[in-house]
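Heads up, input_39.cif below (mmCIF, C-alpha atoms):
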data_run
#
loop_
_atom_site.label_atom_id
_atom_site.label_comp_id
_atom_site.auth_asym_id
_atom_site.auth_seq_id
_atom_site.Cartn_x
_atom_site.Cartn_y
_atom_site.Cartn_z
CA MET A 30 93.53 107.11 67.05
CA VAL A 31 94.34 103.72 68.45
CA LYS A 32 97.91 103.11 69.48
CA ARG A 33 98.65 99.46 69.87
CA LEU A 34 102.09 98.00 69.42
CA SER A 35 101.38 97.60 65.71
CA ASP A 36 100.90 101.38 65.45
CA MET A 37 104.14 102.28 67.20
CA PRO A 38 107.53 102.84 65.58
CA GLU A 39 109.03 99.41 64.92
CA VAL A 40 112.02 99.72 67.21
CA GLU A 41 109.84 100.82 70.15
CA ALA A 42 107.25 98.10 69.47
CA ARG A 43 109.94 95.43 69.25
CA HIS A 44 111.39 96.49 72.58
CA LEU A 45 107.98 96.45 74.29
CA ALA A 46 106.98 93.13 72.74
CA ARG A 47 110.08 91.51 74.21
CA ILE A 48 109.13 92.41 77.80
CA GLU A 49 107.93 89.30 79.57
CA CYS A 50 104.58 89.72 81.32
CA PRO A 51 103.40 87.51 84.17
CA THR A 52 100.04 85.75 83.92
CA TYR A 53 97.54 84.91 86.68
CA ASP A 54 94.76 82.33 86.83
CA ASP A 55 92.24 84.66 88.37
CA THR A 56 91.82 88.35 89.11
CA PRO A 57 90.37 89.52 92.42
CA LEU A 58 88.13 92.62 92.38
CA LEU A 59 87.11 94.05 95.74
CA ALA A 60 83.97 96.04 96.33
CA GLY A 61 84.25 99.27 98.30
CA LYS A 62 82.81 102.60 99.33
CA PRO A 63 81.85 105.37 96.91
CA LEU A 64 84.84 107.39 95.68
CA SER A 65 83.80 110.37 97.81
CA ALA A 66 84.39 108.25 100.91
CA ARG A 67 87.65 106.60 99.84
CA ARG A 68 91.21 107.40 100.86
CA VAL A 69 93.49 107.28 97.82
CA ALA A 70 97.23 106.57 97.61
CA ILE A 71 99.40 106.83 94.52
CA ILE A 72 101.66 103.85 93.85
CA SER A 73 104.04 104.78 91.06
CA THR A 74 106.40 102.47 89.21
CA ALA A 75 108.45 105.37 87.81
CA GLY A 76 111.40 104.75 90.11
CA LEU A 77 110.67 107.97 92.03
CA HIS A 78 112.18 108.86 95.37
CA ARG A 79 113.37 111.75 97.42
CA ARG A 80 116.80 113.09 96.51
CA GLY A 81 119.22 111.29 98.82
CA ASP A 82 117.11 108.13 99.18
CA ARG A 83 118.62 104.91 97.83
CA PRO A 84 118.41 104.92 94.02
CA PHE A 85 116.84 101.90 92.31
CA GLN A 86 119.07 99.20 90.85
CA PRO A 87 118.54 96.44 88.28
CA GLY A 88 116.28 93.70 89.72
CA ASP A 89 115.16 95.93 92.60
CA GLY A 90 111.62 94.97 93.70
CA SER A 91 111.48 97.26 96.74
CA TYR A 92 109.64 100.55 97.10
CA ARG A 93 110.49 104.04 98.25
CA VAL A 94 108.35 106.17 100.55
CA ILE A 95 107.03 109.55 99.37
CA PRO A 96 105.28 111.51 102.14
CA ALA A 97 102.41 113.60 100.76
CA GLU A 98 104.08 116.84 101.83
CA THR A 99 107.28 116.10 99.86
CA PRO A 100 108.12 119.23 97.82
CA ALA A 101 108.10 118.60 94.05
CA GLY A 102 111.72 119.75 93.89
CA ASP A 103 112.82 116.94 96.19
CA LEU A 104 111.67 114.14 93.88
CA VAL A 105 114.04 112.49 91.44
CA MET A 106 113.71 109.45 89.18
CA SER A 107 116.21 106.58 89.12
CA HIS A 108 114.29 104.13 86.95
CA ILE A 109 116.95 102.13 85.11
CA SER A 110 115.09 102.04 81.76
CA VAL A 111 116.05 104.52 79.05
CA ASN A 112 113.05 103.66 76.90
CA PHE A 113 110.48 106.18 78.06
CA ASP A 114 110.24 109.97 78.01
CA ARG A 115 111.57 111.84 81.04
CA THR A 116 111.16 115.38 79.73
CA GLY A 117 107.48 115.42 80.72
CA PHE A 118 108.40 114.63 84.32
CA GLN A 119 111.20 117.19 84.19
CA GLN A 120 108.67 119.81 83.13
CA ASP A 121 105.81 118.84 85.42
CA LEU A 122 105.83 116.19 88.13
CA ASN A 123 102.09 115.64 87.77
CA VAL A 124 102.31 114.14 84.29
CA ALA A 125 103.83 111.05 85.94
CA PHE A 126 102.84 111.46 89.60
CA PRO A 127 99.55 113.37 89.79
CA ILE A 128 99.74 114.41 93.42
CA ASP A 129 98.55 117.98 92.88
CA ARG A 130 95.52 116.74 90.89
CA LEU A 131 94.68 114.22 93.61
CA ARG A 132 95.04 116.92 96.26
CA GLU A 133 92.55 119.06 94.32
CA LEU A 134 90.03 116.21 94.08
CA ALA A 135 90.35 115.57 97.81
CA ALA A 136 89.87 119.28 98.61
CA GLU A 137 86.72 119.33 96.48
CA GLY A 138 85.32 116.19 98.04
CA VAL A 139 85.41 114.17 94.79
CA VAL A 140 87.56 111.69 96.69
CA GLY A 141 87.27 111.26 100.43
CA SER A 142 90.89 112.03 101.25
CA MET A 143 94.46 111.63 100.11
CA ALA A 144 96.84 109.20 101.80
CA SER A 145 99.49 110.70 104.05
CA VAL A 146 102.17 108.65 102.31
CA HIS A 147 102.59 107.55 98.67
CA TYR A 148 105.03 105.00 97.25
CA SER A 149 107.11 104.22 94.22
CA PHE A 150 108.53 101.00 92.82
CA MET A 151 110.75 100.77 89.76
CA GLY A 152 108.68 99.14 87.04
CA ALA A 153 111.41 96.95 85.58
CA PHE A 154 111.15 94.63 88.59
CA PRO A 155 110.79 90.87 88.26
CA PRO A 156 107.32 90.17 89.76
CA ALA A 157 108.71 87.63 92.23
CA ALA A 158 111.10 90.28 93.59
CA ALA A 159 108.29 92.77 94.18
CA GLU A 160 105.60 90.48 95.62
CA PRO A 161 106.86 90.33 99.24
CA HIS A 162 107.36 94.11 99.21
CA ALA A 163 103.85 94.60 97.86
CA GLN A 164 102.42 92.38 100.60
CA HIS A 165 104.21 94.46 103.22
CA LEU A 166 103.05 97.63 101.52
CA ALA A 167 99.41 96.47 101.71
CA GLY A 168 99.75 96.45 105.51
CA LEU A 169 101.16 99.97 105.53
CA LEU A 170 98.33 101.19 103.31
CA LYS A 171 95.75 99.67 105.64
CA ASN A 172 97.40 101.35 108.61
CA ASP A 173 96.94 104.67 106.77
CA LYS A 174 93.26 103.70 106.15
CA VAL A 175 93.86 103.65 102.39
CA ASP A 176 91.12 101.82 100.48
CA ALA A 177 92.00 102.88 96.93
CA ALA A 178 95.43 102.49 95.33
CA LEU A 179 96.09 104.27 92.05
CA LEU A 180 98.83 102.41 90.15
CA VAL A 181 100.76 104.64 87.78
CA PRO A 182 103.38 103.34 85.34
CA VAL A 183 105.73 105.19 83.03
CA MET B 149 102.79 97.44 86.92
CA GLY B 150 99.80 95.17 86.43
CA ALA B 151 101.34 92.59 88.76
CA LEU B 152 101.05 95.09 91.62
CA GLY B 153 97.30 95.21 91.05
CA HIS B 154 97.08 91.48 91.66
CA PHE B 155 99.37 91.61 94.71
CA LEU B 156 97.61 94.51 96.44
CA GLU B 157 94.03 93.53 95.64
CA ARG B 158 94.74 90.01 96.94
CA GLU B 159 95.87 91.63 100.19
CA GLY B 160 92.66 93.64 100.50
CA ILE B 161 93.55 96.95 98.82
CA PRO B 162 91.35 97.87 95.81
CA THR B 163 93.37 99.07 92.83
CA VAL B 164 93.04 100.94 89.55
CA GLY B 165 95.98 101.15 87.18
CA ILE B 166 96.87 103.28 84.21
CA SER B 167 97.80 101.12 81.20
CA LEU B 168 100.28 102.49 78.68
CA VAL B 169 100.74 99.25 76.72
CA ARG B 170 97.41 97.55 76.12
CA GLU B 171 98.98 94.25 75.04
CA HIS B 172 100.82 93.95 78.37
CA THR B 173 97.65 94.69 80.32
CA GLU B 174 95.65 92.16 78.29
CA THR B 175 98.20 89.50 79.26
CA ILE B 176 98.57 90.40 82.95
CA ARG B 177 94.82 91.00 83.49
CA PRO B 178 94.99 93.32 86.53
CA PRO B 179 91.69 94.15 88.30
CA ARG B 180 90.93 97.54 86.70
CA ALA B 181 92.90 99.49 84.12
CA LEU B 182 92.42 102.69 82.16
CA TRP B 183 94.24 102.38 78.85
CA VAL B 184 95.72 105.63 77.52
CA THR B 185 97.52 106.16 74.22
CA PHE B 186 100.00 108.71 75.54
CA GLU B 187 103.75 108.57 75.15
CA LEU B 188 105.57 106.25 77.55
CA GLY B 189 106.68 108.33 80.53
CA ARG B 190 103.58 110.55 80.40
CA PRO B 191 100.70 108.54 81.90
CA PHE B 192 98.67 111.71 82.58
CA GLY B 193 99.20 113.04 79.11
CA ILE B 194 100.33 116.65 78.97
CA PRO B 195 102.76 118.47 81.29
CA ASP B 196 101.45 121.72 82.76
CA ASP B 197 97.90 120.96 81.61
CA GLY B 198 96.07 120.47 84.91
CA PRO B 199 92.58 120.14 83.40
CA PHE B 200 93.74 117.38 81.02
CA GLN B 201 95.53 115.51 83.81
CA ARG B 202 92.49 115.82 85.98
CA ARG B 203 90.20 114.30 83.36
CA VAL B 204 92.49 111.28 83.10
CA LEU B 205 92.66 110.95 86.87
CA GLU B 206 88.87 111.15 87.28
CA ALA B 207 88.35 108.57 84.52
CA ALA B 208 90.76 106.22 86.29
CA LEU B 209 89.25 106.73 89.76
CA ALA B 210 85.74 106.13 88.39
CA LEU B 211 86.75 102.52 87.70
CA PHE B 212 86.85 101.73 91.45
CA ALA B 213 83.06 101.36 91.23
CA HIS B 214 83.48 98.22 89.09
CA THR B 215 83.66 94.78 90.65
CA ASP B 216 83.22 92.92 87.36
CA GLY B 217 86.49 92.27 85.63
CA PRO B 218 89.32 92.19 84.86
CA LEU B 219 88.38 95.47 83.26
CA ILE B 220 90.26 97.51 80.67
CA ALA B 221 88.56 100.81 79.85
CA ASP B 222 89.76 102.89 76.88
CA TYR B 223 90.43 106.55 77.65
CA PRO B 224 88.71 108.56 74.90
CA GLU B 225 91.15 111.46 74.51
CA HIS B 226 94.34 111.19 72.47
CA ILE B 227 97.26 113.53 71.96
CA ASP B 228 98.58 114.42 68.55
CA GLU B 229 102.29 113.94 68.17
CA GLU B 230 104.35 117.07 68.64
CA ALA B 231 104.96 118.93 65.42
CA ASP B 232 108.32 117.99 63.99
CA LEU B 233 110.02 121.35 63.61
CA THR B 234 112.13 120.44 60.66
CA GLY B 235 115.09 122.71 60.47
CA TRP B 236 115.23 123.36 64.19
CA ALA B 237 118.83 123.76 65.13
CA CYS B 238 120.23 124.33 68.56
CA PRO B 239 120.40 128.12 68.80
CA ILE B 240 123.29 127.95 71.24
CA ASN B 241 126.76 127.26 69.91
CA LEU B 242 127.84 124.28 71.93
CA ALA B 243 131.03 123.58 70.06
CA PRO B 244 133.42 122.74 72.86
CA THR B 245 136.41 125.02 73.23
CA GLN B 246 138.67 122.00 73.26
CA THR B 247 138.07 119.26 70.76
CA GLY B 248 136.07 116.44 72.28
CA SER B 249 135.83 118.08 75.67
CA LEU B 250 132.79 116.93 77.57
CA THR B 251 133.86 119.18 80.44
CA ALA B 252 133.71 122.30 78.27
CA GLU B 253 130.26 121.35 77.00
CA ILE B 254 128.92 120.82 80.51
CA ASP B 255 130.38 124.17 81.52
CA ARG B 256 128.72 125.90 78.57
CA LEU B 257 125.33 124.42 79.42
CA ALA B 258 125.46 125.37 83.09
CA VAL B 259 124.02 128.84 82.59
CA TRP B 260 121.02 127.41 80.68
CA TYR B 261 120.49 124.74 83.30
CA ASP B 262 120.49 127.45 86.00
CA ARG B 263 117.91 129.35 83.99
CA ALA B 264 115.71 126.26 83.69
CA VAL B 265 115.91 125.59 87.43
CA SER B 266 115.05 129.19 88.16
CA THR B 267 112.01 129.04 85.83
CA ARG B 268 110.68 125.72 87.06
CA ALA B 269 111.75 126.12 90.68
CA ARG B 270 112.84 122.50 90.65
CA THR B 271 115.26 120.08 89.04
CA THR B 272 115.27 116.33 88.57
CA VAL B 273 119.08 116.21 88.62
CA GLY B 274 120.53 114.76 91.79
CA VAL B 275 120.38 110.95 91.81
CA SER B 276 124.16 110.47 91.77
CA GLY B 277 125.04 113.05 94.41
CA LEU B 278 127.76 114.36 92.06
CA ASP B 279 128.06 117.85 90.62
CA MET B 280 127.93 117.81 86.84
CA PRO B 281 131.64 118.53 86.12
CA THR B 282 132.51 115.58 88.38
CA ALA B 283 129.94 113.38 86.61
CA GLY B 284 131.53 114.38 83.29
CA ARG B 285 135.00 113.53 84.57
CA LEU B 286 133.72 110.10 85.64
CA ILE B 287 132.69 109.42 82.04
CA ASP B 288 136.01 110.74 80.71
CA ALA B 289 137.83 108.47 83.17
CA ALA B 290 135.71 105.48 82.09
CA LEU B 291 136.70 106.11 78.48
CA ALA B 292 140.37 106.53 79.26
CA GLY B 293 141.02 103.85 81.84
CA PRO B 294 139.43 101.06 83.88
CA LEU B 295 135.63 101.14 84.02
CA PRO B 296 134.18 102.44 87.30
CA GLU B 297 131.41 100.49 89.05
CA ALA B 298 128.26 100.27 86.95
CA GLN B 299 125.78 101.79 89.39
CA PRO B 300 127.58 105.10 90.15
CA LEU B 301 128.39 105.42 86.45
CA LYS B 302 124.74 104.87 85.47
CA GLN B 303 123.57 107.44 88.00
CA ALA B 304 126.11 110.01 86.81
CA ILE B 305 125.03 109.44 83.20
CA ASP B 306 121.32 109.77 84.02
CA ASP B 307 122.00 112.97 85.93
CA LEU B 308 123.91 114.38 82.96
CA LYS B 309 121.09 113.49 80.56
CA ALA B 310 118.61 115.28 82.83
CA PHE B 311 120.99 118.24 83.15
CA TYR B 312 121.32 118.53 79.36
CA LEU B 313 117.59 118.24 78.65
CA GLU B 314 116.62 120.64 81.41
CA ALA B 315 119.26 123.10 80.15
CA ALA B 316 117.98 122.80 76.57
CA SER B 317 114.44 123.58 77.72
CA ALA B 318 115.71 127.06 78.66
CA PHE B 319 117.32 127.83 75.28
CA PRO B 320 115.90 131.00 73.65
CA ASP B 321 114.16 128.77 71.07
CA PRO B 322 113.73 125.51 72.95
CA GLY B 323 111.97 123.62 70.14
CA SER B 324 109.98 120.58 71.31
CA ALA B 325 110.89 117.79 73.69
CA ARG B 326 111.40 115.58 70.67
CA THR B 327 113.85 117.98 68.98
CA ARG B 328 115.74 118.46 72.23
CA LYS B 329 116.18 114.70 72.60
CA ALA B 330 117.31 114.49 68.97
CA TRP B 331 119.79 117.29 69.70
CA LEU B 332 121.17 115.45 72.71
CA TRP B 333 121.79 112.27 70.73
CA SER B 334 123.01 113.80 67.48
CA GLU B 335 124.91 116.93 68.44
CA THR B 336 126.49 116.65 71.86
CA ALA B 337 129.85 115.46 73.15
CA LEU B 338 127.90 113.60 75.84
CA ALA B 339 126.22 111.38 73.26
CA THR B 340 129.55 110.81 71.49
CA ALA B 341 131.07 109.73 74.81
CA LEU B 342 128.16 107.39 75.65
CA LEU B 343 128.21 105.79 72.21
CA ALA B 344 131.97 105.26 72.58
CA LEU B 345 131.52 103.81 76.05
CA GLN B 346 128.87 101.28 75.04
CA PRO B 347 131.12 98.64 73.42
CA ARG B 348 133.51 98.71 76.37
CA LEU B 349 130.65 98.17 78.81
CA ALA B 350 129.10 95.43 76.67
CA ALA B 351 132.43 93.59 76.50
CA SER B 352 133.16 93.80 80.25
CA ALA B 353 133.32 90.70 82.43
CA ASP B 354 131.19 92.53 85.03
CA PRO B 355 127.45 91.71 84.64
CA GLY B 356 126.55 95.20 85.90
CA HIS B 357 128.57 96.76 83.09
CA ARG B 358 126.93 94.49 80.54
CA ILE B 359 123.41 95.41 81.73
CA LEU B 360 124.36 99.08 81.42
CA GLY B 361 125.98 98.68 78.02
CA ASN B 362 123.34 96.47 76.48
CA LEU B 363 120.11 97.73 78.09
CA THR B 364 120.20 100.90 80.13
CA LEU B 365 122.62 103.28 78.41
CA ILE B 366 121.34 103.92 74.88
CA PRO B 367 117.56 104.08 74.20
CA ALA B 368 116.25 101.50 71.71
CA THR B 369 115.38 104.36 69.37
CA GLU B 370 118.99 105.59 69.33
CA ARG B 371 120.89 102.31 69.09
CA HIS B 372 121.20 102.69 65.32
CA ARG B 373 123.81 105.34 66.10
CA LEU B 374 126.10 102.69 67.57
CA THR B 375 127.13 101.34 64.20
CA VAL B 376 127.92 104.88 63.10
CA ALA B 377 130.02 105.53 66.18
CA LEU B 378 132.00 102.31 66.00
#
Rendering of file as structure tokens:
Amino acid sequence: MVKRLSDMPEVEARHLARIECPTYDDTPLLAGKPLSARRVAIISTAGLHRRGDRPFQPGDGSYRVIPAETPAGDLVMSHISVNFDRTGFQQDLNVAFPIDRLRELAAEGVVGSMASVHYSFMGAFPPAAAEPHAQHLAGLLKNDKVDAALLVPV
Amino acid sequence: MGALGHFLEREGIPTVGISLVREHTETIRPPRALWVTFELGRPFGIPDDGPFQRRVLEAALALFAHTDGPLIADYPEHIDEEADLTGWACPINLAPTQTGSLTAEIDRLAVWYDRAVSTRARTTVGVSGLDMPTAGRLIDAALAGPLPEAQPLKQAIDDLKAFYLEAASAFPDPGSARTRKAWLWSETALATALLALQPRLAASADPGHRILGNLTLIPATERHRLTVAL
């Protein structure tokens, strides 16, 4: 089964095709240590945050901070889009934010370690609004010795 | 999503991304992406299936070894669509005690919501900071009088949607996620209220109201109901 836009229901495909995507002249790819020596952080764009944190708003390119020890019951989703499924996340956090799976891989030594803090943006951001926040975030990740960022959309 | 790969990798942080829409990823060309064919909103595939999620995660993390790219790898596992349980009907009588009463419907669902929270030991309701009867009254007030600010209204609506869908998951015969979403949009007073609210929001002078009315209130797959409601 291949599911490209042409295989999706028309109304869903039309919506997705209308989303404007940025383009870049080149793509950097950094070399690094083996996975078993890397420290991994999850960067979600699901609009996740702790209950009580500032919800996301239209045009919001900032991120929210999710400490690794955050209980699953404290996480909510304020992504503004209504065009993706939320019932999976309601049933099991890990289908959108695989923190328990990553914790398992770290415990087994498949990955070196898990970051102490993870982050979430809200994916409907205009790239220019998110870029300065992402640059700042890179510094925070380095401070936490993170050398592998897993980017997870919804 | 793919833009973040460029931003972070440029700043010295290696990245791997999950891709849910291959065409978007082919345009943005992030450093490394694992393309999956799962439903939007479910990048790791199947809720409560740890082994499946783990296979996706390991396939994604394996891409860190690549420095030749941009790279889009195809994830080999796919998920069949949920069976469409034709004939599934909500087994709970949700007919409001007063005609058109959103408040009565919310009240009737509360016991099922409580059951869902007890089973899952968590809830995703709680963005707005309102209790659900208050969120319902905010929608009633928006229909009857001046529109409240867009952002609190949006948060109250999203909380109510989560409340309804979590409650429905605890029905004696919960059906599938797809049938529960169909139930929400075709059989509830909440959907009737949201469909009635949409034209007022879309016609408002406030840009926040127009974004809500035109983009972030009714899913693209349900907008056909607007002509019926009008």
task: Residues of chain A near chain B: apply a cut-off of 6 Å, count all atoms listed in the file, and supply the list as a PyMOL selection string.
output: chain A and resi 32+51-52+56+58-60+102+105+110-114+117+121+124-125+130+167+176-181+183
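Of note, CA of Pro84 in chain A and CA of Ala153 in chain A are spaced 13.6 Å apart.
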message: Taking (102.8, 106.3, 102.7) as a centre in this file's frame and 10 Å as the limit, can you find every polymer residue with an atom that close, using all atoms listed in the file, and give them as a ChimeraX atom specification?
response: /A:70-72,93-97,144-149,166,169-170,172-173,175
Hey, what's within 10 Å of Gly88 in chain A if we count all atoms listed in the file and toss same-chain stuff fewer than 4 positions away? As a PDB file with C-alpha atoms, keeping the file's coordinate frame, please?
ATOM      1  CA  ILE A 109     116.950 102.130  85.110  1.00  0.00           C
ATOM      2  CA  MET A 151     110.750 100.770  89.760  1.00  0.00           C
ATOM      3  CA  GLY A 152     108.680  99.140  87.040  1.00  0.00           C
ATOM      4  CA  ALA A 153     111.410  96.950  85.580  1.00  0.00           C
ATOM      5  CA  PHE A 154     111.150  94.630  88.590  1.00  0.00           C
ATOM      6  CA  PRO A 155     110.790  90.870  88.260  1.00  0.00           C
ATOM      7  CA  PRO A 156     107.320  90.170  89.760  1.00  0.00           C
ATOM      8  CA  ALA A 158     111.100  90.280  93.590  1.00  0.00           C
ATOM      9  CA  ALA A 159     108.290  92.770  94.180  1.00  0.00           C
TER      10      ALA A 159
END
message: Using Å and a single decimal, report how far CA of Ser266 in chain B sits from CA of Phe126 in chain A.
response: 21.6 Å
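The spacing separating CA of Arg83 in chain A from CA of His108 in chain A amounts to 11.7 Å.
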Return as lines of an AutoDock Vina configuration file the centre and edge lengths, in Å with one decimal, of the box along x, y and z that encloses every atom of range 71-84 of chain A in the file, padded by 5 Å per side.
center_x = 109.3
center_y = 107.8
center_z = 93.5
size_x = 29.8
size_y = 20.6
size_z = 21.4
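Counting only C-alpha atoms, the residue from A:Leu77, A:Gln164, A:Gly90, A:Tyr53 that sits nearest to Arg115 in chain A is A:Leu77.
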query: Smallest atom-to-atom distance to Met37 in chain A: which of B:Leu291, B:Thr327, B:Ala258, B:Glu229, using only C-alpha atoms?
result: B:Glu229
- request: Identify, on the basis of only C-alpha atoms, every residue whose closest approach to Met106 in chain A does not exceed 7 Å; exclude the query and any residue fewer than 3 positions from it along the same chain; express the result as a PyMOL selection string.
  value: chain A and resi 75-78
